[in-house]
Every structure is written in C-alpha cells, then in structure tokens.
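Source file: data_0.tsv; contents: TSV, C-alpha atoms.
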```
chain	number	residue	atom	x	y	z
A	26	MET	CA	0.00	0.00	0.00
A	27	GLN	CA	1.09	3.57	-0.57
A	28	LEU	CA	2.19	5.60	2.46
A	29	ASP	CA	3.21	9.22	2.29
A	30	GLN	CA	5.91	10.13	4.83
A	31	ARG	CA	7.27	13.50	5.79
A	32	ARG	CA	8.80	15.25	8.77
A	33	ALA	CA	7.24	17.98	10.88
A	34	GLY	CA	9.75	18.83	13.58
A	35	ASP	CA	10.52	15.69	15.51
A	36	ALA	CA	7.39	13.97	14.28
A	37	LEU	CA	7.03	11.72	11.28
A	38	ILE	CA	3.72	12.25	9.53
A	39	VAL	CA	2.51	9.04	7.94
A	40	THR	CA	-0.44	9.30	5.56
A	41	PRO	CA	-1.91	6.16	4.01
A	42	LEU	CA	-2.91	7.04	0.47
A	43	GLU	CA	-5.57	4.34	0.23
A	44	ASP	CA	-9.25	4.92	0.81
A	45	ARG	CA	-9.59	1.61	2.63
A	46	LEU	CA	-7.45	0.27	5.48
A	47	ASP	CA	-8.86	-3.23	5.52
A	48	ALA	CA	-8.02	-6.92	5.60
A	49	ARG	CA	-6.53	-6.76	2.09
A	50	VAL	CA	-3.82	-4.29	3.06
A	51	ALA	CA	-3.57	-4.58	6.86
A	52	ALA	CA	-0.55	-6.91	6.89
A	53	ASP	CA	1.36	-4.70	4.44
A	54	PHE	CA	0.46	-1.56	6.39
A	55	LYS	CA	1.58	-3.15	9.66
A	56	GLU	CA	4.88	-4.25	8.13
A	57	ARG	CA	5.56	-0.75	6.79
A	58	MET	CA	4.75	0.86	10.13
A	59	ILE	CA	6.98	-1.58	11.99
A	60	GLU	CA	9.83	-0.76	9.61
A	61	LEU	CA	9.37	2.94	10.34
A	62	ILE	CA	9.37	2.32	14.08
A	63	ALA	CA	12.38	-0.02	13.88
A	64	SER	CA	14.32	2.64	12.01
A	65	GLY	CA	14.10	4.96	14.99
A	66	ASN	CA	10.92	6.98	14.54
A	67	THR	CA	9.53	7.41	18.02
A	68	VAL	CA	7.01	10.20	17.36
A	69	ILE	CA	4.53	9.32	14.63
A	70	VAL	CA	1.38	11.11	13.58
A	71	LEU	CA	-0.85	8.76	11.61
A	72	ASP	CA	-2.93	10.94	9.30
A	73	LEU	CA	-6.06	9.00	8.32
A	74	SER	CA	-7.73	11.85	6.46
A	75	LYS	CA	-7.64	9.99	3.14
A	76	VAL	CA	-9.02	6.75	4.60
A	77	GLU	CA	-12.77	6.36	4.22
A	78	PHE	CA	-13.10	2.84	5.57
A	79	ILE	CA	-11.27	0.93	8.32
A	80	ASP	CA	-12.18	-2.60	9.34
A	81	SER	CA	-11.04	-4.54	12.39
A	82	SER	CA	-7.96	-5.85	10.56
A	83	GLY	CA	-6.87	-2.32	9.70
A	84	LEU	CA	-7.56	-1.18	13.23
A	85	GLY	CA	-5.61	-4.16	14.57
A	86	ALA	CA	-2.64	-3.15	12.43
A	87	ILE	CA	-2.70	0.33	13.98
A	88	VAL	CA	-2.82	-1.23	17.45
A	89	SER	CA	0.09	-3.53	16.54
A	90	SER	CA	2.10	-0.46	15.55
A	91	LEU	CA	1.36	1.18	18.88
A	92	LYS	CA	2.41	-1.96	20.74
A	93	ARG	CA	5.62	-2.13	18.72
A	94	MET	CA	6.55	1.28	20.11
A	95	GLY	CA	6.49	-0.39	23.51
A	96	GLY	CA	5.52	2.75	25.36
A	97	ARG	CA	8.79	4.43	24.39
A	98	GLY	CA	7.32	6.89	21.94
A	99	GLU	CA	4.12	8.43	20.68
A	100	LEU	CA	1.76	7.21	17.99
A	101	VAL	CA	-1.17	9.55	17.63
A	102	VAL	CA	-3.97	9.69	15.10
A	103	CYS	CA	-5.43	12.63	13.21
A	104	GLY	CA	-7.83	13.32	10.37
A	105	LEU	CA	-10.49	10.77	11.27
A	106	ARG	CA	-13.76	11.14	9.42
A	107	GLU	CA	-17.09	10.80	11.19
A	108	THR	CA	-17.40	7.19	10.05
A	109	THR	CA	-13.89	6.09	11.02
A	110	MET	CA	-14.15	7.99	14.32
A	111	THR	CA	-17.29	5.96	15.03
A	112	LEU	CA	-15.20	2.79	14.72
A	113	PHE	CA	-12.62	4.15	17.17
A	114	LYS	CA	-15.40	4.95	19.64
A	115	LEU	CA	-17.24	1.66	19.13
A	116	THR	CA	-14.07	-0.32	19.83
A	117	ARG	CA	-12.96	2.08	22.61
A	118	MET	CA	-9.76	2.82	20.74
A	119	ASP	CA	-10.49	6.52	21.25
A	120	ARG	CA	-9.38	5.83	24.84
A	121	VAL	CA	-6.16	4.21	23.68
A	122	PHE	CA	-4.98	6.69	21.04
A	123	GLN	CA	-4.70	10.43	21.26
A	124	VAL	CA	-6.96	11.60	18.44
A	125	PHE	CA	-6.56	15.06	16.90
A	126	ASP	CA	-8.68	16.81	14.31
A	127	SER	CA	-5.72	17.88	12.20
A	128	GLU	CA	-2.05	17.18	11.64
A	129	GLN	CA	-1.19	20.69	12.87
A	130	GLN	CA	-2.99	20.09	16.16
A	131	ALA	CA	-1.25	16.76	16.60
A	132	VAL	CA	2.21	18.16	15.91
A	133	SER	CA	1.55	21.13	18.17
A	134	ALA	CA	0.36	18.91	21.03
A	135	LEU	CA	3.35	16.59	20.67
A	136	SER	CA	5.72	19.59	20.74
A	137	GLY	CA	3.93	20.76	23.88
A	138	ASP	CA	4.41	17.32	25.43
A	139	LYS	CA	8.14	17.70	25.03
A	140	GLY	CA	8.20	21.08	26.69
B	14	MET	CA	-24.96	-11.13	-4.42
B	15	ALA	CA	-21.98	-13.45	-4.28
B	16	ILE	CA	-18.19	-13.22	-4.44
B	17	THR	CA	-15.41	-15.74	-4.59
B	18	SER	CA	-13.45	-16.10	-1.37
B	19	ASP	CA	-10.73	-13.55	-2.02
B	20	LEU	CA	-10.22	-10.58	0.30
B	21	ARG	CA	-9.76	-8.37	-2.76
B	22	ASN	CA	-13.45	-8.89	-3.56
B	23	VAL	CA	-14.72	-7.80	-0.16
B	24	PRO	CA	-14.80	-4.03	-0.88
B	25	LEU	CA	-17.34	-4.71	-3.63
B	26	ILE	CA	-19.69	-6.21	-1.10
B	27	GLY	CA	-19.09	-3.44	1.41
B	28	GLN	CA	-19.77	-0.73	-1.13
B	29	ALA	CA	-22.92	-2.46	-2.39
B	30	ILE	CA	-24.31	-2.86	1.13
B	31	GLN	CA	-23.55	0.75	1.99
B	32	ARG	CA	-25.33	1.89	-1.17
B	33	LEU	CA	-28.36	-0.27	-0.38
B	34	CYS	CA	-28.46	1.01	3.21
B	35	SER	CA	-28.33	4.58	1.94
B	36	LEU	CA	-31.73	3.96	0.34
B	37	THR	CA	-33.24	3.27	3.78
B	38	PRO	CA	-34.04	5.72	6.60
B	39	LEU	CA	-30.65	4.99	8.19
B	40	SER	CA	-28.10	7.78	8.55
B	41	ASP	CA	-24.91	7.72	6.50
B	42	VAL	CA	-22.94	6.71	9.59
B	43	ASP	CA	-25.34	3.87	10.34
B	44	ALA	CA	-25.16	2.74	6.71
B	45	HIS	CA	-21.37	2.74	6.98
B	46	GLN	CA	-21.51	0.74	10.22
B	47	ILE	CA	-23.76	-1.92	8.72
B	48	ALA	CA	-21.49	-2.18	5.69
B	49	LEU	CA	-18.59	-2.60	8.13
B	50	CYS	CA	-20.41	-5.46	9.88
B	51	VAL	CA	-21.01	-7.22	6.59
B	52	VAL	CA	-17.36	-6.74	5.60
B	53	GLU	CA	-16.31	-8.24	8.94
B	54	ALA	CA	-18.60	-11.21	8.43
B	55	VAL	CA	-17.39	-11.81	4.87
B	56	ASN	CA	-13.76	-11.49	6.01
B	57	ASN	CA	-14.46	-14.11	8.69
B	58	ALA	CA	-16.02	-16.43	6.13
B	59	ILE	CA	-12.98	-16.13	3.85
B	60	VAL	CA	-10.32	-16.31	6.57
B	61	HIS	CA	-11.88	-18.72	9.07
B	62	ALA	CA	-14.53	-20.77	7.24
B	63	TYR	CA	-12.48	-21.21	4.06
B	64	GLY	CA	-8.99	-20.83	5.56
B	65	ARG	CA	-8.14	-18.17	2.91
B	66	GLU	CA	-8.63	-20.69	0.11
B	67	ALA	CA	-9.75	-18.99	-3.06
B	68	GLU	CA	-12.50	-20.17	-5.39
B	69	HIS	CA	-15.14	-20.76	-2.76
B	70	GLU	CA	-18.33	-18.74	-2.71
B	71	VAL	CA	-19.56	-16.28	-0.11
B	72	GLN	CA	-23.14	-15.20	-0.65
B	73	VAL	CA	-24.69	-12.08	0.87
B	74	ILE	CA	-28.46	-11.62	0.94
B	75	PHE	CA	-29.87	-8.17	1.70
B	76	ASP	CA	-33.50	-7.97	2.67
B	77	GLN	CA	-35.33	-4.80	3.65
B	78	HIS	CA	-38.61	-4.97	5.53
B	79	SER	CA	-40.76	-2.10	6.76
B	80	ASP	CA	-39.26	-2.23	10.25
B	81	ARG	CA	-35.89	-3.92	9.80
B	82	LEU	CA	-32.96	-4.78	7.60
B	83	ILE	CA	-31.78	-8.35	7.46
B	84	VAL	CA	-28.44	-9.29	5.94
B	85	GLN	CA	-27.38	-12.91	5.68
B	86	ILE	CA	-23.80	-13.99	5.02
B	87	CYS	CA	-23.62	-17.57	3.78
B	88	ASP	CA	-20.66	-19.87	3.28
B	89	ALA	CA	-20.05	-23.59	2.96
B	90	GLY	CA	-16.80	-23.77	4.89
B	91	GLN	CA	-15.80	-24.69	8.43
B	92	ALA	CA	-18.58	-23.77	10.85
B	93	MET	CA	-17.94	-21.23	13.57
B	94	ASP	CA	-18.00	-22.38	17.17
B	95	PRO	CA	-21.40	-21.11	18.43
B	96	LYS	CA	-19.86	-20.14	21.77
B	97	HIS	CA	-18.51	-17.03	20.04
B	98	LEU	CA	-22.06	-15.71	19.90
B	99	ALA	CA	-23.15	-16.86	23.35
B	100	PRO	CA	-24.49	-13.94	25.43
B	101	GLN	CA	-22.13	-14.69	28.29
B	102	THR	CA	-19.04	-14.65	26.10
B	103	SER	CA	-16.83	-11.76	27.13
B	104	SER	CA	-16.08	-9.17	24.50
B	105	PRO	CA	-12.51	-8.48	23.41
B	106	LEU	CA	-13.53	-4.83	23.50
B	107	ASP	CA	-13.87	-4.93	27.30
B	108	PHE	CA	-10.18	-4.19	27.78
B	109	ASP	CA	-8.26	-1.84	30.03
B	110	PRO	CA	-7.17	0.99	27.72
B	111	HIS	CA	-4.24	1.77	30.02
B	112	CYS	CA	-2.81	-1.74	29.75
B	113	LEU	CA	-0.98	-1.82	26.40
B	114	GLU	CA	-0.59	-5.59	26.16
B	115	ARG	CA	-4.31	-6.18	26.69
B	116	ILE	CA	-5.45	-4.00	23.82
B	117	PRO	CA	-6.79	-6.39	21.17
B	118	GLU	CA	-5.12	-6.63	17.76
B	119	ARG	CA	-7.48	-9.26	16.37
B	120	GLY	CA	-10.77	-10.93	17.09
B	121	MET	CA	-12.66	-7.63	17.07
B	122	GLY	CA	-14.84	-8.30	14.03
B	123	LEU	CA	-17.55	-10.31	15.74
B	124	ALA	CA	-17.53	-7.93	18.70
B	125	ILE	CA	-18.13	-5.01	16.33
B	126	ILE	CA	-21.00	-6.91	14.74
B	127	ARG	CA	-22.56	-7.71	18.11
B	128	LYS	CA	-22.31	-4.11	19.25
B	129	THR	CA	-23.73	-2.66	16.05
B	130	MET	CA	-26.54	-5.00	15.08
B	131	ASP	CA	-29.75	-5.57	17.03
B	132	GLU	CA	-29.84	-9.32	16.49
B	133	VAL	CA	-27.15	-11.76	15.42
B	134	THR	CA	-27.81	-15.44	14.83
B	135	TYR	CA	-25.77	-18.24	13.30
B	136	THR	CA	-27.03	-21.51	11.92
B	137	THR	CA	-25.46	-24.44	10.13
B	138	SER	CA	-27.54	-26.80	8.08
B	139	HIS	CA	-26.53	-29.29	5.41
B	140	GLY	CA	-23.03	-27.84	5.28
B	141	ARG	CA	-24.21	-24.27	4.81
B	142	ASN	CA	-23.39	-21.66	7.46
B	143	ILE	CA	-25.62	-18.61	7.69
B	144	LEU	CA	-24.86	-15.56	9.81
B	145	THR	CA	-27.99	-13.42	10.04
B	146	LEU	CA	-27.64	-9.77	11.01
B	147	THR	CA	-30.74	-7.76	11.85
B	148	ARG	CA	-31.02	-4.02	12.32
B	149	PHE	CA	-34.34	-2.47	13.34
B	150	LEU	CA	-35.26	0.64	11.44
B	151	THR	CA	-37.96	2.19	13.52
B	152	SER	CA	-37.62	1.07	17.11
B	153	CYS	CA	-36.00	3.41	19.58
B	154	GLN	CA	-34.64	0.28	21.27
B	155	SER	CA	-31.80	0.04	18.79
B	156	SER	CA	-30.60	3.60	19.27
B	157	ILE	CA	-30.77	3.20	23.04
B	158	LYS	CA	-28.73	0.02	22.82
B	159	ARG	CA	-26.02	1.69	20.76
B	160	SER	CA	-25.84	4.81	22.88
B	161	GLU	CA	-25.34	2.61	25.93
B	162	GLY	CA	-22.68	0.57	24.14
```
Go through the file and emit its structure as structure tokens.
Amino acid sequence: MQLDQRRAGDALIVTPLEDRLDARVAADFKERMIELIASGNTVIVLDLSKVEFIDSSGLGAIVSSLKRMGGRGELVVCGLRETTMTLFKLTRMDRVFQVFDSEQQAVSALSGDKG
Amino acid sequence: MAITSDLRNVPLIGQAIQRLCSLTPLSDVDAHQIALCVVEAVNNAIVHAYGREAEHEVQVIFDQHSDRLIVQICDAGQAMDPKHLAPQTSSPLDFDPHCLERIPERGMGLAIIRKTMDEVTYTTSHGRNILTLTRFLTSCQSSIKRSEG
C-alpha cells in the first residue's frame, strides 16, 4: 500500500494514500509501520484523512504499531472522518490513542508534550 | 450477491451494502456501520470458514422490511463455534485501555458486529453456514442500545 511520509519537527507524519485500510492491506500496512518504528521513529502522527473505511484488521494493524513502540514513543492519530471515528469509539480505541482533528494540532500537542 | 473467497473482492460487497443502506431511513454513519459489519462477516467467512482458500463462494443476501434490515452472510466452509455468539461470552472490547498488552489486535470483528446490530444469529444446516444480522429501522430500542454501548 502507498504511504506518504514526511517530517514535521521531531514527528514523522505518515499518511496512508488508500481509501480503505482493511483486511486486504492490513498486513502490508503493519509491516511498513513496523519498519518505520524499527528505524528509529519514536514520534509518529498517523494521518487518516484519506481513509474512508477501516475494518477490524486495519484497526488491529494500527494497534500492533502502537504496541511495537512499547511505550517508548508516541503514535497519535489525526484526520479521522465521522465514520472512522465511530469505529474508534465503538471499539474504545479513542481511549487508547490520542486523536486530533488535524495534523497541525497533533504536531503542536506533541511539541507541547516535550516542553 | 456473491463473491469468490478472495479478500480483494470484499470491498465490492461493502460498497454495495452501503449503497443499499443509503436507500433506507438509516443515517450515513449507520449505513457505513452496517457495511462494516457485513465486511467483517465476509472477512471471517474467507479467513476462518475457508482458511483463505480462493475459489469458494460467499453469498450475501440483503433484505429490507418495513421495520428492519436483514443481511445474511452464507458460506459452505468450516462452521464457527457457536460459543462465540453466546451472550455470556466476554467481549474483546472490554479491555483496560491503560494496559498496552491487553489491547486487542485481532478478534474484534464479531464484537463489532454484536455491538452494532440488534440481532445476530448463526445456523449451520446441510453444510451451509448462515450468519444473520438484523437491524431495526424504527424502534428506539436500537438507538438506546447503541448509545449505551
């Protein structure tokens, strides 16, 4: 799957460029995220603004990425649509992940965390 | 409608169900949630019932009544253990969000279905497994259930 990556300060912004994060692509997405984490990225903003549909496999891959960080970094989410936010709430993942409306808010909050 | 048991075909079913639900009184978010449940059920049929083997058939039947939607997901693979749908079965979504290792990475599909739909039943007869998902359209009971979820 296609992932856009770019830096904003200390954070790596990761934007999946697929409209569906589902069972077809979940394993590939997870592998790519784990590579990014293994290469030393400890502050990641996952921008899901282009994703219209997430199923439990896609959500599980996001959780796997968080677990791979092992509590030694930050993986936050931004850009959720109403429908994908509903999934986060339904599965209580909104209590696990910090969720921001926009990338700018996420980056700003993470910079504030450092200070 | 029917697809062969390949995960690449599942979006077609999801999009078709969402389009059909959009023709009902359901909101766009509810239509999306029902499509998600059907996608989860079809994924389970492909991955668990057919063990990811291609060239099997998964059939989805959409039926709208005046007061409810009924969607049936049918396969002819390995039957699901009915205990997964037993009322007393604990949900993988009842986790401690502060305990990283307990946050589920898999097994959430059926829990999502159970939380979203008003009725969920599963039958196996003559080698055919049928998961039946029901969503009431008019009763306030369903919205109360979801808001409490």
Check: Given the choices B:Leu146, B:Ala67, B:Leu113, B:Ala62, which gets closest to Arg97 in chain A if the distance is worked out from only C-alpha atoms?
Finding: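 The answer is B:Leu113, which sits nearest to Arg97 in chain A.
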Next item on the list: Just need the residues of chain A within 12 Å of chain B, counting all atoms listed in the file, so spit them out as a PyMOL selection string.
Entry: chain A and resi 44-52+55+77-97+106-123
Next item on the list: Show which residues sit within 12 Å of range 127-131 of chain A, as JSON, numbers by chain. Count all atoms listed in the file, and ignore same-chain residues fewer than 2 positions away.
Entry: {"A": [31, 32, 33, 34, 35, 36, 37, 38, 39, 40, 68, 69, 70, 71, 72, 73, 74, 99, 100, 101, 102, 103, 104, 105, 106, 122, 123, 124, 125, 133, 134, 135, 136, 137, 138]}
Notebook entry, point to check: Around (-17.3, -23.7, 7.1) in the file's frame, which residues reach within 7 Å when counting only C-alpha atoms? Return as a PyMOL selection string?
Noted result: chain B and resi 62-63+88-93+142
Check: Please, what distance in Å, to one decimal, runs between CA of Arg148 in chain B and CA of Ile30 in chain B?
Finding: 13.1 Å
Next item on the list: For CA of Pro95 in chain B and CA of Val133 in chain B, determine how far apart the two atoms are, in Å to one decimal place.
Entry: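 Computed distance, CA of Pro95 in chain B to CA of Val133 in chain B, equals 11.4 Å.
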Note to self: Quick check, in Å to one decimal: how far apart do CA of Ala58 in chain B and CA of Ala99 in chain B lie?
What the structure shows: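 Here the two named atoms are 18.6 Å from each other.
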Note to self: Give me, as a ChimeraX atom specification, all polymer residues having an atom no more than 9 Å from Gln27 in chain A, counting all atoms listed in the file and skipping those fewer than 6 positions away in the same chain.
What the structure shows: /A:40-43,54
Write to file, as a CSV table (one decimal), in the frame of the given file, the residues of the selection just made, with C-alpha atoms.
```
chain,number,residue,atom,x,y,z
A,40,THR,CA,-0.4,9.3,5.6
A,41,PRO,CA,-1.9,6.2,4.0
A,42,LEU,CA,-2.9,7.0,0.5
A,43,GLU,CA,-5.6,4.3,0.2
A,54,PHE,CA,0.5,-1.6,6.4
```
Could you give me the axis-aligned bounding box of range 43-56 of chain A, with 5 Å of padding per side, as centre plus edge lengths in Å to one decimal, as JSON?
```
{"center_x": -2.4, "center_y": -1.0, "center_z": 4.9, "size_x": 24.5, "size_y": 21.8, "size_z": 19.4}
```
Item checked: B:Ser103, B:Gln72, B:Ser35, B:Ala29 ranked by distance to Ile59 in chain B, top pick (using only C-alpha atoms) ->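 For Ile59 in chain B, the nearest of the given residues is B:Gln72.
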Next item on the list: Name the closest residue to Leu144 in chain B among the candidates B:Ser40, B:Pro100, B:Ser18, B:Val71; distances are taken between atoms, counting all atoms listed in the file.
Entry: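 For Leu144 in chain B, the nearest of the candidates is B:Val71.
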Item checked: Exercise: Glu132 in chain B partners within 12 Å, only C-alpha atoms, chain neighbours under 5 positions left out, as a count of residues only -> 18
